[in-house]
Amino acid sequence: MANTLLPVEDALAILLANARPVSGTEMLALPDADGRILAEDILARITQPPFSASAMDGYAVRAEDVETAGATLSVIGTVAAGQTPEQDVIPGTAIRIFTGAPVPPGADCVVIQEDTEKRGEHSILITEAAAKGAHIRPAGQDFRDGQLLLARGRLLDARSLSLAAAAGHGALPVCRQPRIALLATGDELVPPGQKPGPGQISASSGVALHSLARMNGAQTLDLGIARDDAADLRAAVDRARDWNADVLMTIGGASVGDRDLVGPTLQSIGMSLDFWKIAMRPGKPLMVGNLGDMKVLGLPGNPVSAFVCTLIFAEPLIRKLANLTPRNRLHQAVAAGPIEPNGPRRHYMRGRFTDRANGLVEPCESQDSSLIATLADADCLIVRPPGDEAIKAGDPLSVMMLARDAD
Ligand SMILES: Nc1nc2c(c(=O)[nH]1)N[C@H]1C(S)=C(S)[C@@H](COP(=O)(O)OP(=O)(O)OC[C@H]3O[C@@H](n4cnc5c(N)ncnc54)[C@H](O)[C@@H]3O)O[C@H]1N2
Ligand code: MOO
């Protein structure tokens, strides 16, 4: 496989074929379960509403007393939300009731207060007729005890968490998240925020990978920066294994340079490793392997290459491990101007919308795989198939959206 260029689809298919969703569940309090995948079916533990409740502020009455306007009823008590009615409504009477309060026995209708007039201290005149059941929410109208409310596999969000809370759950069983360990490699790197010395640069890709991994339902461990030194690399790999990482993602050292030690070092500690050369640009060299149960994804060092490889390979892999459905970032757009023919590798060109309403896109001026500012500025990646002919203004284009909420 070393000397042939592997099509992107084939590489992705091999990677995903060997990936299984991670097993294991944990119980999390509702606020912490946001964004997690439900591990079991959830049944209601209570009926909602638990009692017939008033939907309005007004008077609980017998419908037969208010079939027509004009009746005068004596008000024999009051019931508010959180209280239990103390009397029954009998013919010719009403009980003052507030929204959310239990409907008293004997009442089968609520007349809203706007349809009544006070007549002395303890009686009211009904000014509008009301029908049986008006403004009453029957017990169990929302759901009943034992009813299946949320199916296993559901992505928990504001609405599903609120439903679980209403149904009597304070915590939920969720799938364990895949654990992704991230390791930058290279003598030239310093941690973000530290002033680089001569010949040094900031390690910028780790945080990008951290963001993408977490956005796709993973937990991350930052292993920091390993020097171009076998012992340093081995120590970092040990930390990933101690943490029970599902995937170790390395950045850099994936190419053919004398100091590209990641592959040989990992192999020397028993890792099965494949060196893929993928028919894509940026991001040609990729290392893929296993060390026991831990997968290894060795990304190329150039920051844009590392980012694009993460989007194309790591995002689908992590989503599969996390029990999440695949994300579809692909959209149709239109070329704002001509674009030169493509070479033999699929090219993911950073692009910007020149007219978002009409989907007009142009490639960013330089496509060099070291340009992080261009990446941060781009709206999308224009996807050019291998051997794609020259493009004219107005031609259709496939683009991958880059925004955090893109799908
Ligand atoms: N003779 C050849 N040279 C190169 C080839 C090739 O096929 N033959 N491939 C080129 C391509 S394409 C790429 S991509 C790079 C990939 O090389 P490595 O994975 O070994 O990456 P490094 O050499 O370690 O780094 C490349 C570049 O990226 C910078 N870097 C590394 N890590 C980070 C990080 N965490 N944050 C920011 N920047 C990082 C590093 O300083 C280098 O400038 O190889 C080409 N060469
Ligand atoms: O493929 Mo490299 O990733 O072109 O810079």
# chains A, B, ... in the order shown; residues from 1 in each chain; ligands from 1

$ residues_near_ligand --ligand "ligand 1" --cutoff "6 Å" --atoms "only C-alpha atoms and all ligand atoms" --output "list in words"
Ala184, Thr185, Gly186, Ala203, Ser204, Ser205, Gly206, Ile251, Gly252, Gly253, Ala254, Ser255, Val256, Asp260, Gly283, Lys284, Pro300, Gly301, Asn302, Pro303 and Ser305 of chain A

$ write_last_selection --atoms "N, CA and C atoms" --output "PDB file, in the first residue's frame"
ATOM      1  N   ALA A 184       1.109  16.052  19.969  1.00  0.00           N
ATOM      2  CA  ALA A 184       1.871  16.784  18.947  1.00  0.00           C
ATOM      3  C   ALA A 184       3.315  16.302  19.028  1.00  0.00           C
ATOM      4  N   THR A 185       3.983  16.260  17.888  1.00  0.00           N
ATOM      5  CA  THR A 185       5.380  15.808  17.892  1.00  0.00           C
ATOM      6  C   THR A 185       6.252  16.792  17.127  1.00  0.00           C
ATOM      7  N   GLY A 186       7.430  17.008  17.614  1.00  0.00           N
ATOM      8  CA  GLY A 186       8.380  17.851  16.873  1.00  0.00           C
ATOM      9  C   GLY A 186       9.204  18.726  17.797  1.00  0.00           C
ATOM     10  N   ALA A 203       2.681  25.169  18.672  1.00  0.00           N
ATOM     11  CA  ALA A 203       1.916  23.969  18.330  1.00  0.00           C
ATOM     12  C   ALA A 203       0.448  24.376  18.248  1.00  0.00           C
ATOM     13  N   SER A 204      -0.066  24.473  17.036  1.00  0.00           N
ATOM     14  CA  SER A 204      -1.417  25.031  16.868  1.00  0.00           C
ATOM     15  C   SER A 204      -2.464  23.973  16.555  1.00  0.00           C
ATOM     16  N   SER A 205      -2.051  22.781  16.159  1.00  0.00           N
ATOM     17  CA  SER A 205      -3.046  21.809  15.681  1.00  0.00           C
ATOM     18  C   SER A 205      -3.749  21.066  16.804  1.00  0.00           C
ATOM     19  N   GLY A 206      -3.082  20.921  17.937  1.00  0.00           N
ATOM     20  CA  GLY A 206      -3.671  20.122  19.025  1.00  0.00           C
ATOM     21  C   GLY A 206      -5.037  20.642  19.423  1.00  0.00           C
ATOM     22  N   ILE A 251       0.240  14.107  15.726  1.00  0.00           N
ATOM     23  CA  ILE A 251       0.342  15.166  14.712  1.00  0.00           C
ATOM     24  C   ILE A 251       1.807  15.299  14.334  1.00  0.00           C
ATOM     25  N   GLY A 252       2.098  15.152  13.037  1.00  0.00           N
ATOM     26  CA  GLY A 252       3.462  15.354  12.544  1.00  0.00           C
ATOM     27  C   GLY A 252       4.264  14.069  12.527  1.00  0.00           C
ATOM     28  N   GLY A 253       5.398  14.154  11.865  1.00  0.00           N
ATOM     29  CA  GLY A 253       6.284  12.994  11.791  1.00  0.00           C
ATOM     30  C   GLY A 253       5.709  11.837  10.977  1.00  0.00           C
ATOM     31  N   ALA A 254       4.724  12.160  10.129  1.00  0.00           N
ATOM     32  CA  ALA A 254       4.080  11.088   9.369  1.00  0.00           C
ATOM     33  C   ALA A 254       4.739  10.885   8.014  1.00  0.00           C
ATOM     34  N   SER A 255       5.695  11.742   7.694  1.00  0.00           N
ATOM     35  CA  SER A 255       6.261  11.723   6.341  1.00  0.00           C
ATOM     36  C   SER A 255       7.546  10.886   6.307  1.00  0.00           C
ATOM     37  N   VAL A 256       8.434  11.253   5.357  1.00  0.00           N
ATOM     38  CA  VAL A 256       9.583  10.388   5.080  1.00  0.00           C
ATOM     39  C   VAL A 256      10.912  10.936   5.593  1.00  0.00           C
ATOM     40  N   ASP A 260      11.321  11.787  11.156  1.00  0.00           N
ATOM     41  CA  ASP A 260       9.924  11.374  11.294  1.00  0.00           C
ATOM     42  C   ASP A 260       9.895  10.029  12.019  1.00  0.00           C
ATOM     43  N   GLY A 283      -2.888  16.691   2.916  1.00  0.00           N
ATOM     44  CA  GLY A 283      -3.053  15.558   3.818  1.00  0.00           C
ATOM     45  C   GLY A 283      -2.715  14.215   3.235  1.00  0.00           C
ATOM     46  N   LYS A 284      -1.725  14.141   2.375  1.00  0.00           N
ATOM     47  CA  LYS A 284      -1.394  12.870   1.722  1.00  0.00           C
ATOM     48  C   LYS A 284      -0.946  11.778   2.696  1.00  0.00           C
ATOM     49  N   PRO A 300      -0.642  14.098   9.269  1.00  0.00           N
ATOM     50  CA  PRO A 300       0.485  14.897   8.778  1.00  0.00           C
ATOM     51  C   PRO A 300       0.630  16.179   9.577  1.00  0.00           C
ATOM     52  N   GLY A 301       1.842  16.715   9.602  1.00  0.00           N
ATOM     53  CA  GLY A 301       2.141  17.851  10.476  1.00  0.00           C
ATOM     54  C   GLY A 301       1.618  19.187  10.010  1.00  0.00           C
ATOM     55  N   ASN A 302       1.585  19.408   8.707  1.00  0.00           N
ATOM     56  CA  ASN A 302       1.129  20.732   8.271  1.00  0.00           C
ATOM     57  C   ASN A 302      -0.264  20.988   8.833  1.00  0.00           C
ATOM     58  N   PRO A 303      -0.490  22.155   9.451  1.00  0.00           N
ATOM     59  CA  PRO A 303      -1.732  22.363  10.194  1.00  0.00           C
ATOM     60  C   PRO A 303      -3.003  22.177   9.365  1.00  0.00           C
ATOM     61  N   SER A 305      -3.281  20.327   6.698  1.00  0.00           N
ATOM     62  CA  SER A 305      -3.369  18.894   6.387  1.00  0.00           C
ATOM     63  C   SER A 305      -3.929  18.135   7.582  1.00  0.00           C
TER      64      SER A 305
END

$ residues_around --residues "segment 35-44 of chain A" --least-positions-apart "5" --cutoff "6 Å" --atoms "only C-alpha atoms" --output "list in words"
Asp145, Gly146, Gln147, Leu148, Leu149, Leu150, Ala151, Arg152, Gly153, Arg154, Leu155, Leu156, Asp157, Ala167, Pro173, Val174 and Cys175 of chain A

$ write_last_selection --atoms "N, CA and C atoms" --output "PDB file, in the first residue's frame"
ATOM      1  N   ASP A 145     -47.630   6.990  33.405  1.00  0.00           N
ATOM      2  CA  ASP A 145     -46.629   6.176  34.104  1.00  0.00           C
ATOM      3  C   ASP A 145     -46.344   4.909  33.283  1.00  0.00           C
ATOM      4  N   GLY A 146     -45.083   4.614  33.040  1.00  0.00           N
ATOM      5  CA  GLY A 146     -44.722   3.394  32.317  1.00  0.00           C
ATOM      6  C   GLY A 146     -44.618   3.569  30.807  1.00  0.00           C
ATOM      7  N   GLN A 147     -45.043   4.699  30.302  1.00  0.00           N
ATOM      8  CA  GLN A 147     -45.011   4.922  28.844  1.00  0.00           C
ATOM      9  C   GLN A 147     -43.563   5.123  28.366  1.00  0.00           C
ATOM     10  N   LEU A 148     -43.234   4.554  27.192  1.00  0.00           N
ATOM     11  CA  LEU A 148     -41.892   4.757  26.612  1.00  0.00           C
ATOM     12  C   LEU A 148     -41.798   6.195  26.088  1.00  0.00           C
ATOM     13  N   LEU A 149     -40.846   6.940  26.618  1.00  0.00           N
ATOM     14  CA  LEU A 149     -40.751   8.355  26.234  1.00  0.00           C
ATOM     15  C   LEU A 149     -39.538   8.649  25.365  1.00  0.00           C
ATOM     16  N   LEU A 150     -38.394   8.042  25.683  1.00  0.00           N
ATOM     17  CA  LEU A 150     -37.156   8.344  24.948  1.00  0.00           C
ATOM     18  C   LEU A 150     -36.485   7.022  24.606  1.00  0.00           C
ATOM     19  N   ALA A 151     -36.200   6.843  23.319  1.00  0.00           N
ATOM     20  CA  ALA A 151     -35.610   5.564  22.899  1.00  0.00           C
ATOM     21  C   ALA A 151     -34.095   5.616  23.026  1.00  0.00           C
ATOM     22  N   ARG A 152     -33.545   4.486  23.370  1.00  0.00           N
ATOM     23  CA  ARG A 152     -32.099   4.278  23.415  1.00  0.00           C
ATOM     24  C   ARG A 152     -31.473   4.790  22.112  1.00  0.00           C
ATOM     25  N   GLY A 153     -30.323   5.428  22.204  1.00  0.00           N
ATOM     26  CA  GLY A 153     -29.656   5.920  20.989  1.00  0.00           C
ATOM     27  C   GLY A 153     -29.961   7.374  20.709  1.00  0.00           C
ATOM     28  N   ARG A 154     -30.913   7.956  21.453  1.00  0.00           N
ATOM     29  CA  ARG A 154     -31.278   9.350  21.184  1.00  0.00           C
ATOM     30  C   ARG A 154     -30.191  10.310  21.690  1.00  0.00           C
ATOM     31  N   LEU A 155     -29.928  11.309  20.891  1.00  0.00           N
ATOM     32  CA  LEU A 155     -28.987  12.365  21.293  1.00  0.00           C
ATOM     33  C   LEU A 155     -29.725  13.297  22.248  1.00  0.00           C
ATOM     34  N   LEU A 156     -29.228  13.407  23.474  1.00  0.00           N
ATOM     35  CA  LEU A 156     -29.957  14.188  24.488  1.00  0.00           C
ATOM     36  C   LEU A 156     -29.747  15.684  24.266  1.00  0.00           C
ATOM     37  N   ASP A 157     -30.850  16.409  24.346  1.00  0.00           N
ATOM     38  CA  ASP A 157     -30.813  17.852  24.113  1.00  0.00           C
ATOM     39  C   ASP A 157     -31.810  18.524  25.045  1.00  0.00           C
ATOM     40  N   ALA A 167     -40.739  13.478  33.654  1.00  0.00           N
ATOM     41  CA  ALA A 167     -41.156  12.087  33.853  1.00  0.00           C
ATOM     42  C   ALA A 167     -40.535  11.467  35.094  1.00  0.00           C
ATOM     43  N   PRO A 173     -28.968   7.112  32.037  1.00  0.00           N
ATOM     44  CA  PRO A 173     -27.841   6.283  31.607  1.00  0.00           C
ATOM     45  C   PRO A 173     -27.410   6.701  30.200  1.00  0.00           C
ATOM     46  N   VAL A 174     -26.148   7.046  30.042  1.00  0.00           N
ATOM     47  CA  VAL A 174     -25.653   7.484  28.730  1.00  0.00           C
ATOM     48  C   VAL A 174     -24.473   6.615  28.299  1.00  0.00           C
ATOM     49  N   CYS A 175     -24.245   6.572  26.993  1.00  0.00           N
ATOM     50  CA  CYS A 175     -23.114   5.793  26.461  1.00  0.00           C
ATOM     51  C   CYS A 175     -21.807   6.473  26.864  1.00  0.00           C
TER      52      CYS A 175
END

$ residues_around --residues "Met249 of chain A" --least-positions-apart "4" --cutoff "6 Å" --atoms "only C-alpha atoms" --output "NGL selection string"
:A and (182 or 296-298)

$ select_by_dssp --residues "segment 134-181 of chain A" --states "alpha helix (DSSP H)" --output "list in words"
Ala158, Arg159, Ser160, Leu161, Ser162, Leu163, Ala164, Ala165 and Ala166 of chain A

$ select_by_dssp --residues "segment 163-393 of chain A" --states "strand (DSSP E or B)" --output "PyMOL selection string"
chain A and resi 171-175+179-185+189-190+201-202+219-226+247-251+272-278+280-281+285-291+294-299+330-335+339+346-355+360-363+380-384+391

$ write_last_selection --atoms "C-alpha atoms" --output "PDB file, in the first residue's frame"
ATOM      1  CA  ALA A 171     -30.165  11.248  36.039  1.00  0.00           C
ATOM      2  CA  LEU A 172     -29.947   9.207  32.835  1.00  0.00           C
ATOM      3  CA  PRO A 173     -27.841   6.283  31.607  1.00  0.00           C
ATOM      4  CA  VAL A 174     -25.653   7.484  28.730  1.00  0.00           C
ATOM      5  CA  CYS A 175     -23.114   5.793  26.461  1.00  0.00           C
ATOM      6  CA  ARG A 179     -11.475   8.674  24.614  1.00  0.00           C
ATOM      7  CA  ILE A 180      -9.154  10.443  22.219  1.00  0.00           C
ATOM      8  CA  ALA A 181      -5.545  11.141  23.241  1.00  0.00           C
ATOM      9  CA  LEU A 182      -3.825  13.912  21.269  1.00  0.00           C
ATOM     10  CA  LEU A 183      -0.066  14.116  20.835  1.00  0.00           C
ATOM     11  CA  ALA A 184       1.871  16.784  18.947  1.00  0.00           C
ATOM     12  CA  THR A 185       5.380  15.808  17.892  1.00  0.00           C
ATOM     13  CA  LEU A 189       7.102  23.101  18.759  1.00  0.00           C
ATOM     14  CA  VAL A 190       6.322  25.159  21.851  1.00  0.00           C
ATOM     15  CA  ILE A 201       6.793  27.660  16.195  1.00  0.00           C
ATOM     16  CA  SER A 202       3.615  27.340  18.263  1.00  0.00           C
ATOM     17  CA  GLN A 219     -13.436  13.115  25.556  1.00  0.00           C
ATOM     18  CA  THR A 220      -9.893  14.251  24.958  1.00  0.00           C
ATOM     19  CA  LEU A 221      -6.575  13.971  26.755  1.00  0.00           C
ATOM     20  CA  ASP A 222      -3.858  16.433  25.746  1.00  0.00           C
ATOM     21  CA  LEU A 223      -0.550  14.578  25.819  1.00  0.00           C
ATOM     22  CA  GLY A 224       1.287  17.785  24.989  1.00  0.00           C
ATOM     23  CA  ILE A 225       4.344  17.795  22.739  1.00  0.00           C
ATOM     24  CA  ALA A 226       6.763  14.895  22.278  1.00  0.00           C
ATOM     25  CA  VAL A 247      -7.761   6.431  19.762  1.00  0.00           C
ATOM     26  CA  LEU A 248      -4.312   8.006  19.852  1.00  0.00           C
ATOM     27  CA  MET A 249      -4.047  10.825  17.344  1.00  0.00           C
ATOM     28  CA  THR A 250      -0.528  12.036  16.634  1.00  0.00           C
ATOM     29  CA  ILE A 251       0.342  15.166  14.712  1.00  0.00           C
ATOM     30  CA  SER A 272       0.679  -2.710  13.780  1.00  0.00           C
ATOM     31  CA  LEU A 273       0.952   0.310  11.538  1.00  0.00           C
ATOM     32  CA  ASP A 274       0.024   1.017   7.954  1.00  0.00           C
ATOM     33  CA  PHE A 275       1.485   3.990   6.131  1.00  0.00           C
ATOM     34  CA  TRP A 276      -1.165   5.247   3.784  1.00  0.00           C
ATOM     35  CA  LYS A 277      -0.553   7.674   1.000  1.00  0.00           C
ATOM     36  CA  ILE A 278      -3.952   9.048   0.219  1.00  0.00           C
ATOM     37  CA  MET A 280      -5.904  13.886  -1.358  1.00  0.00           C
ATOM     38  CA  ARG A 281      -4.531  17.364  -0.985  1.00  0.00           C
ATOM     39  CA  PRO A 285       0.499  10.910   4.422  1.00  0.00           C
ATOM     40  CA  LEU A 286      -1.556   9.168   7.104  1.00  0.00           C
ATOM     41  CA  MET A 287      -0.559   6.473   9.587  1.00  0.00           C
ATOM     42  CA  VAL A 288      -3.230   4.037  10.685  1.00  0.00           C
ATOM     43  CA  GLY A 289      -2.725   1.274  13.205  1.00  0.00           C
ATOM     44  CA  ASN A 290      -3.639  -0.564  16.376  1.00  0.00           C
ATOM     45  CA  LEU A 291      -1.883  -1.115  19.657  1.00  0.00           C
ATOM     46  CA  MET A 294      -6.153   1.423  20.955  1.00  0.00           C
ATOM     47  CA  LYS A 295      -6.412   2.772  17.424  1.00  0.00           C
ATOM     48  CA  VAL A 296      -3.739   5.081  16.127  1.00  0.00           C
ATOM     49  CA  LEU A 297      -4.262   7.826  13.611  1.00  0.00           C
ATOM     50  CA  GLY A 298      -1.032   9.571  12.656  1.00  0.00           C
ATOM     51  CA  LEU A 299      -1.825  12.872  10.985  1.00  0.00           C
ATOM     52  CA  LEU A 330     -21.495  18.385   1.913  1.00  0.00           C
ATOM     53  CA  HIS A 331     -23.554  21.057   0.198  1.00  0.00           C
ATOM     54  CA  GLN A 332     -23.983  22.269  -3.348  1.00  0.00           C
ATOM     55  CA  ALA A 333     -22.581  25.668  -4.295  1.00  0.00           C
ATOM     56  CA  VAL A 334     -21.773  27.602  -7.446  1.00  0.00           C
ATOM     57  CA  ALA A 335     -18.379  28.762  -8.722  1.00  0.00           C
ATOM     58  CA  ILE A 339     -10.860  27.580 -11.137  1.00  0.00           C
ATOM     59  CA  ARG A 346      -8.796  15.012  -4.522  1.00  0.00           C
ATOM     60  CA  HIS A 347      -8.287  18.618  -3.582  1.00  0.00           C
ATOM     61  CA  TYR A 348      -9.996  20.156  -0.570  1.00  0.00           C
ATOM     62  CA  MET A 349      -9.573  23.853  -1.386  1.00  0.00           C
ATOM     63  CA  ARG A 350     -10.277  26.434   1.264  1.00  0.00           C
ATOM     64  CA  GLY A 351     -13.064  28.632  -0.122  1.00  0.00           C
ATOM     65  CA  ARG A 352     -15.109  31.683   0.768  1.00  0.00           C
ATOM     66  CA  PHE A 353     -18.636  32.672  -0.153  1.00  0.00           C
ATOM     67  CA  THR A 354     -18.657  35.829  -2.267  1.00  0.00           C
ATOM     68  CA  ASP A 355     -22.482  35.820  -2.292  1.00  0.00           C
ATOM     69  CA  LEU A 360     -21.307  31.692  -4.891  1.00  0.00           C
ATOM     70  CA  VAL A 361     -17.892  30.431  -3.752  1.00  0.00           C
ATOM     71  CA  GLU A 362     -14.308  31.207  -4.711  1.00  0.00           C
ATOM     72  CA  PRO A 363     -11.100  29.481  -3.592  1.00  0.00           C
ATOM     73  CA  CYS A 380     -15.912  25.846   3.315  1.00  0.00           C
ATOM     74  CA  LEU A 381     -13.684  23.363   1.546  1.00  0.00           C
ATOM     75  CA  ILE A 382     -14.341  23.152  -2.176  1.00  0.00           C
ATOM     76  CA  VAL A 383     -14.111  19.441  -3.026  1.00  0.00           C
ATOM     77  CA  ARG A 384     -12.425  18.835  -6.382  1.00  0.00           C
ATOM     78  CA  ILE A 391     -14.265  25.174 -13.751  1.00  0.00           C
TER      79      ILE A 391
END

$ closest_residue --among "A:Ile318, A:Thr93, A:Pro344, A:Arg404" --to "Ser211 of chain A" --atoms "only C-alpha atoms"
A:Arg404

$ residues_around --residues "segment 54-60 of chain A" --least-positions-apart "5" --cutoff "6 Å" --atoms "only C-alpha atoms" --output "list in words"
Ala94, Ile95, Arg96, Ile97, Phe98, Thr99, Gly100, Ala101, Ala107, Cys109, Val110, Val111, Ile112, Gln113, His135 and Ile136 of chain A

$ closest_residue --among "A:Pro341, A:Gly70, A:Pro138, A:Pro102" --to "Arg119 of chain A" --atoms "only C-alpha atoms"
A:Gly70

$ residues_around --residues "Gln87 of chain A" --least-positions-apart "4" --cutoff "9 Å" --atoms "only C-alpha atoms" --output "VMD selection string"
chain A and resid 76 to 77 95 104 to 105

$ closest_residue --among "A:Met400, A:Ala81, A:Ile14, A:Ala33" --to "His169 of chain A" --atoms "only C-alpha atoms"
A:Ala33

$ residues_around --residues "Glu315 of chain A" --least-positions-apart "2" --cutoff "9 Å" --atoms "only C-alpha atoms" --output "MDAnalysis selection string"
chainID A and resid 212:213 216 309:313 317:320 326:327

$ closest_residue --among "A:Gly343, A:Gly168, A:Pro7, A:Gly217" --to "Ala390 of chain A" --atoms "only C-alpha atoms"
A:Gly343

$ atom_distance --atom1 "atom CA of Leu73 of chain A" --atom2 "atom CA of Ala53 of chain A"
21.0 Å
